[in-house]
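Student: Quick one: the structure is below, and I'll ask about it shortly.
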Amino acid sequence: MDPRTALGRAAAAVDVTKVYGKGDAAVTALGGVSVGFAPGEFSAIMGPSGSGKSTLLHCLAGLDTVTSGQVFIGEVELTALKEKQLTRLRRDKLGFIFQSYNLVPTLNALENITLPLAIAGRKPDPGWLDLLVDAVGLRDRLAHRPSELSGGQQQRVAAARAMLGRPAIIFADEPTGNLDSRAGAELLAYIRRAVTELGQTVVMVTHDATAAAHADRVVFLADGHIVDELLEPTADAILERIKVLGG
Amino acid sequence: MLRATIKALLAHKLRLALTAVSVVLGVAFVAGTLVLTDTIASAFERLFADVNAGTEVSVRTRSSFEEGAAPVPAGLVDTIAGIDGVEAVEGSLFGVAQLVDKSGKAIATQGPTVGTAWVDSPDLNPFRLRRGRGPRAAGEVVIDAGTAREHGFELGDAVTVLSQGPPETFTVVGIAGFGDADNPAGGALISFVDDAARQVLGRPAGFDSIEVAAAEGVTQAELRARIAAVLPVGVEAMTGEATAKESAERVQDNLGFFGTLLLVFAGVSLFVGAFIILNTFQILVAQRTRELGLLRALGASGAQVRRSVLTEAAIVGTVASGAGLGLGVVVALALQRLLESFGIDLPAAETRFRSRTVVVSLVVGFGVTVASSVLPARRAAKVPPVAAIREDVAIDEGGPLRRRTVLGVVVSAAGFAVLLAGTAGAGNGAAYVGVGSLVGFLGATLIAPVATRPVARVVGAPLAGLGVIGRLGRENAMRNPRRTASTAAALMVGLALVTLVSVFAASARKSTDKVIDDVFRADLVLNASQQFATFSPEVARRVRAVPDVDAVAEVRRGEWRSRGARNFLSAADPAELARVLDLELEAGRLEDLADGGVLVHDDEARAKGFEVGELLPMEFPRTGVQRIRIEGIFGANQLTGDYLLSLRDYEANFTDQLDSYAMVKLRAGVDRTAARSAVEDVLAAFPNVELQDQEEFKSEVAGHVDQILNLFYALLGLAILIAVMGIVNTLALSIFERTRELGLLRAVGTSRRQIRAMVRAEGSIIAVLGALFGLVIGVVVSVAMLQALRDDGITETAIPVGRLALFVALAAAAGLGAAVFPARRAARLQILDAIAHE
């Protein structure tokens, strides 16, 4: 992909390679990946274990460095930023949802939701906060600490946290991986609404076809390369495609 | 299992190092103390062996005192000279004398400054002439080469000597070395002809001892027996070997106290170290829950797991003790420098490293480490196998804090009671105080966790200024109260002791000020310019002759014994003393002392059941046991001690007549400035005496207190350093535990600087917590002890608030410092490592 076509996208990787280790021990996790994600789109990245899907997400989110190539968030070339600028970009422009919730155990639900803004020294917009809290259905759990919440509730706290800063894009890494199917479905429905109703851009890594079926588009990764893509997917179509790809 | 333990240890070198550091430092202190005291002891042994090298037999008056015995009749020299097998015999005189340097200052030396009669026989004289000759006339002296070199004295120079009489001037005719050394143990020598020595040192007749050299083929024992046969009752003969041994033992006895003091501080360091070890192992076991569960799942028994933790502790203990032993040599040197900087000078000598030092250090280090790991090992043994596979199996951190708190209250109350019983004089006071404070501290650490949350909340409140970062730091400090409390407890012990000595020092100072205000009626004080030094009674005599001076009360100090037990007394002229000091007499009159007798302090009299009019058997160095009439009971003992003897009795029963200080009262209505300068004119001839007014006298006494206080601070410094290491340790391990959380914080945009600030906040909260706990304990205990000790001179209680506040501030700074390394580690954490790995 030409770097210029990356412009106008919410996020894009241009010819990104990622090699771990050196010499004989070198492992190529990404072998020249170019992919873009449109604003307001809910994308899923799928692939078998070791396909590089998590690495791609981490590189897109600036959590990991690339070996070569470029990563863009909006108009900003992430790969050209210094550590401090990168930290600020993550704080102000990106949202994260992780598999293992990753809440701060010493803070209650409300404090966890407002954490990124508090770190930036900013006050949340009260109307927006109310809306998010109600959307995730945590109104009566705000004073509870993570240890007093169920897995599903914790992950919804994480989702609200990711949304609060009105990020340009939210990266979700196996967000339903630790949840039972009901809690997982609730979370995905919430993410879907955020995309549809609020125009939030979301990129999600998953290996669960049911989860990926909530997305607008699925990108398939194998051995560090993009091997296929599916628009308006259904769970069955995805499973079909995985079978073909030998996942 | 052993192989797995060793592998685990090697895989975690940092963990090993962190645990070991506290043991290393504690053991180093113990080893350093032993090395230092051994080194000093051997230096003195060698010194005395050298001094006595040519002396086969020494004759002296039998006495249980170390010095000041009655002289031996001079006629014995001739008697002994006539004995078969005697090669040479010399009467020996020695006393205190001091030289004045070329700028008019009294020369202060590191070792003793001795005046002696010059001995011509090279066999019997440990000094060797380097230049010149021995003294032949009353106006001639030999001085030591060290003093000569340092102060630029040459043969033919005139030198002024300060001793028991008026200052006198002599001509240097010889410069002598002490064996190969320039001077004896950093001291100085002034040697006269016999008659001059008698006059200067105040020995009108007899000799302090008679030294005898044996003829070829006569053994020390044979010669001793022959001489002993002709000696009068009360005079004894000792072989040179026995004399050297006795002298060395005496010095060792005196140093024994000093060694014990250092070992007490070493003990404090180890006690603090034990907390760190306990805490570190506790955290490590918690972090290794999964690994331990795996071992259990693979079939290891609980006992095997327990043994594995204990083995780890044993290895750490052994390695750390070894390292501590090596570091001990460095500590010994540092301690020596430290003591020197506080004016406690020691002879130079080759470092002595005894096998006993090795054994004690290893046993202590090993013992403390293993003992401290018993609890964590027991906890480790309780990890169920399922912990290997399930993440949410929390290790048993003990039930609610209530039981622990109740136990803590009971234990600390018991410790406190024992401590108070000790200070109130029950049994062996020091042992009671020691055991009591140990138990009390343990109790306090049991209570500490329950206090941690509320106190941390308050202490951390100012950190709200840092926003959510400050809050997180505070929450982190509060999230595991046991861990925070045991980390803080290490600092608590050090701070409690620092507070204790500070309150004692401040109270002692306030008490002295009050005493001087209350009972002191003098205008000026004549004081020796060196601590513990004395000066010639000639000073008081001359000051008394100044027209503006109304009274001069000179005070001499001495030791006496009551059935072998040491006691101290002061002696003064009653008529003069009455005008400068209010003794608060309760019975008898001061004037009654004019004809001899003793006054006793009321508490002492009550404790011993003494009555006025009773004859008190007092053993004196010169005259042995004398029955002295108790003439009265007095209430103010701060300047004189518990026994006040008449000057007349002092002169009769003590050999040396030297004043410790003297109180001067001016005539009413005189011009004080003029009077003072008249007194100063007199003192011009005595550069070893200083003139002070009341305020200067107060600050002089305070200066002595501060000096001891600073020495204690320095010695407690190591315990505090170890405690700070403990904070480093806990923070580093906690951060390791919170890897994922830190990763998340970084992922959502927390900057490295913010992460560092968060860890530093946690560190300073832990440190301030420990400091506050220590402060409270220190103040409570010291106030209680001061109440119990009211009768022993410290009558006032003063709490140095400003200084204590400074300690808390320093603790906060130390906490910040302790957090530097862990904070850097936390900030460097790779975000991916933190969140990607489950």
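Please note that chains go A, B, ... in the order of the structure tokens, that every chain numbers its residues from 1, and that ligands are numbered from 1 in the order shown.
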What residues in chain B lie within 12 Å of chain A, counting only C-alpha atoms, written as number ranges by chain?

Tutor: B: 391-392, 464-480, 738-755, 757-758, 827-838

Student: Write out, as a PDB file, in the first residue's frame, the residues just selected, with C-alpha atoms.

Tutor:
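That gives us out_37.pdb:
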```
ATOM      1  CA  GLU B 391      -4.571 -18.276  39.157  1.00  0.00           C
ATOM      2  CA  ASP B 392      -7.005 -17.118  41.751  1.00  0.00           C
ATOM      3  CA  ALA B 464      -3.439  14.303  46.456  1.00  0.00           C
ATOM      4  CA  GLY B 465      -1.607  17.161  44.777  1.00  0.00           C
ATOM      5  CA  LEU B 466      -0.152  14.590  42.409  1.00  0.00           C
ATOM      6  CA  GLY B 467      -3.636  13.650  41.253  1.00  0.00           C
ATOM      7  CA  VAL B 468      -4.505  10.071  40.446  1.00  0.00           C
ATOM      8  CA  ILE B 469      -0.808   9.155  40.442  1.00  0.00           C
ATOM      9  CA  GLY B 470      -0.473  10.174  44.080  1.00  0.00           C
ATOM     10  CA  ARG B 471      -3.667   8.331  44.911  1.00  0.00           C
ATOM     11  CA  LEU B 472      -2.386   5.188  43.241  1.00  0.00           C
ATOM     12  CA  GLY B 473       0.874   5.427  45.190  1.00  0.00           C
ATOM     13  CA  ARG B 474      -1.053   5.739  48.412  1.00  0.00           C
ATOM     14  CA  GLU B 475      -3.415   2.895  47.540  1.00  0.00           C
ATOM     15  CA  ASN B 476      -0.458   0.697  46.672  1.00  0.00           C
ATOM     16  CA  ALA B 477       1.081   1.389  50.063  1.00  0.00           C
ATOM     17  CA  MET B 478      -2.208   0.425  51.700  1.00  0.00           C
ATOM     18  CA  ARG B 479      -3.173  -2.589  49.648  1.00  0.00           C
ATOM     19  CA  ASN B 480      -1.206  -5.120  51.650  1.00  0.00           C
ATOM     20  CA  ARG B 738       2.222  -5.686  39.637  1.00  0.00           C
ATOM     21  CA  THR B 739       3.790  -6.060  36.209  1.00  0.00           C
ATOM     22  CA  ARG B 740       0.486  -6.375  34.450  1.00  0.00           C
ATOM     23  CA  GLU B 741      -1.067  -3.441  36.230  1.00  0.00           C
ATOM     24  CA  LEU B 742       1.908  -1.255  35.391  1.00  0.00           C
ATOM     25  CA  GLY B 743       1.681  -2.361  31.789  1.00  0.00           C
ATOM     26  CA  LEU B 744      -1.940  -1.320  31.663  1.00  0.00           C
ATOM     27  CA  LEU B 745      -1.155   2.072  33.162  1.00  0.00           C
ATOM     28  CA  ARG B 746       1.517   2.570  30.527  1.00  0.00           C
ATOM     29  CA  ALA B 747      -0.796   1.351  27.759  1.00  0.00           C
ATOM     30  CA  VAL B 748      -3.505   3.847  28.630  1.00  0.00           C
ATOM     31  CA  GLY B 749      -1.014   6.679  28.508  1.00  0.00           C
ATOM     32  CA  THR B 750       0.752   6.987  31.847  1.00  0.00           C
ATOM     33  CA  SER B 751       4.174   8.470  31.227  1.00  0.00           C
ATOM     34  CA  ARG B 752       7.337   6.948  32.667  1.00  0.00           C
ATOM     35  CA  ARG B 753       7.702  10.007  34.851  1.00  0.00           C
ATOM     36  CA  GLN B 754       4.265   9.432  36.293  1.00  0.00           C
ATOM     37  CA  ILE B 755       5.063   5.775  36.994  1.00  0.00           C
ATOM     38  CA  ALA B 757       6.316   9.411  40.809  1.00  0.00           C
ATOM     39  CA  MET B 758       3.793   6.750  41.799  1.00  0.00           C
ATOM     40  CA  ALA B 827       9.175   2.800  34.432  1.00  0.00           C
ATOM     41  CA  ARG B 828      11.404   0.723  32.170  1.00  0.00           C
ATOM     42  CA  LEU B 829       8.950  -2.138  32.052  1.00  0.00           C
ATOM     43  CA  GLN B 830       8.100  -3.112  28.478  1.00  0.00           C
ATOM     44  CA  ILE B 831       4.392  -2.610  28.070  1.00  0.00           C
ATOM     45  CA  LEU B 832       4.009  -5.764  26.037  1.00  0.00           C
ATOM     46  CA  ASP B 833       5.803  -7.928  28.584  1.00  0.00           C
ATOM     47  CA  ALA B 834       3.439  -6.497  31.092  1.00  0.00           C
ATOM     48  CA  ILE B 835       0.164  -7.129  29.326  1.00  0.00           C
ATOM     49  CA  ALA B 836       0.721  -9.751  26.679  1.00  0.00           C
ATOM     50  CA  HIS B 837       1.980 -12.520  28.907  1.00  0.00           C
ATOM     51  CA  GLU B 838      -0.465 -14.221  31.087  1.00  0.00           C
TER      52      GLU B 838
END
```

Student: What residues in segment 90-230 of chain A get the DSSP label helix (DSSP H, G or I)? Please answer as a ChimeraX atom specification.

Tutor: /A:90-93,109-120,126-136,139-141,146-148,151-164,181-198,209-212

Student: Give the answer as one residue: which of A:Gly165, A:Gly50, A:Gly152, A:Gly199 has the shortest atom-to-atom distance to Ala185 of chain A, using only C-alpha atoms?

Tutor: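 Looking only at the distances to Ala185 of chain A, the closest residue turns out to be A:Gly152.
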
Student: Near Pro175 of chain A, within 10 Å and counting only C-alpha atoms, which residues show up once chain neighbours fewer than 3 positions away are dropped, as a list in words?

Tutor: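 So, after excluding close chain neighbours, the residues are Phe96, Ile97, Phe98, Gln99, Ser100, Tyr101, Gln155, Arg156, Ala158, Ala159, Phe171, Ala172, Asn178, Leu179, Gly184, Leu187, Leu188, Met204, Val205, Thr206 and Ala211 of chain A.
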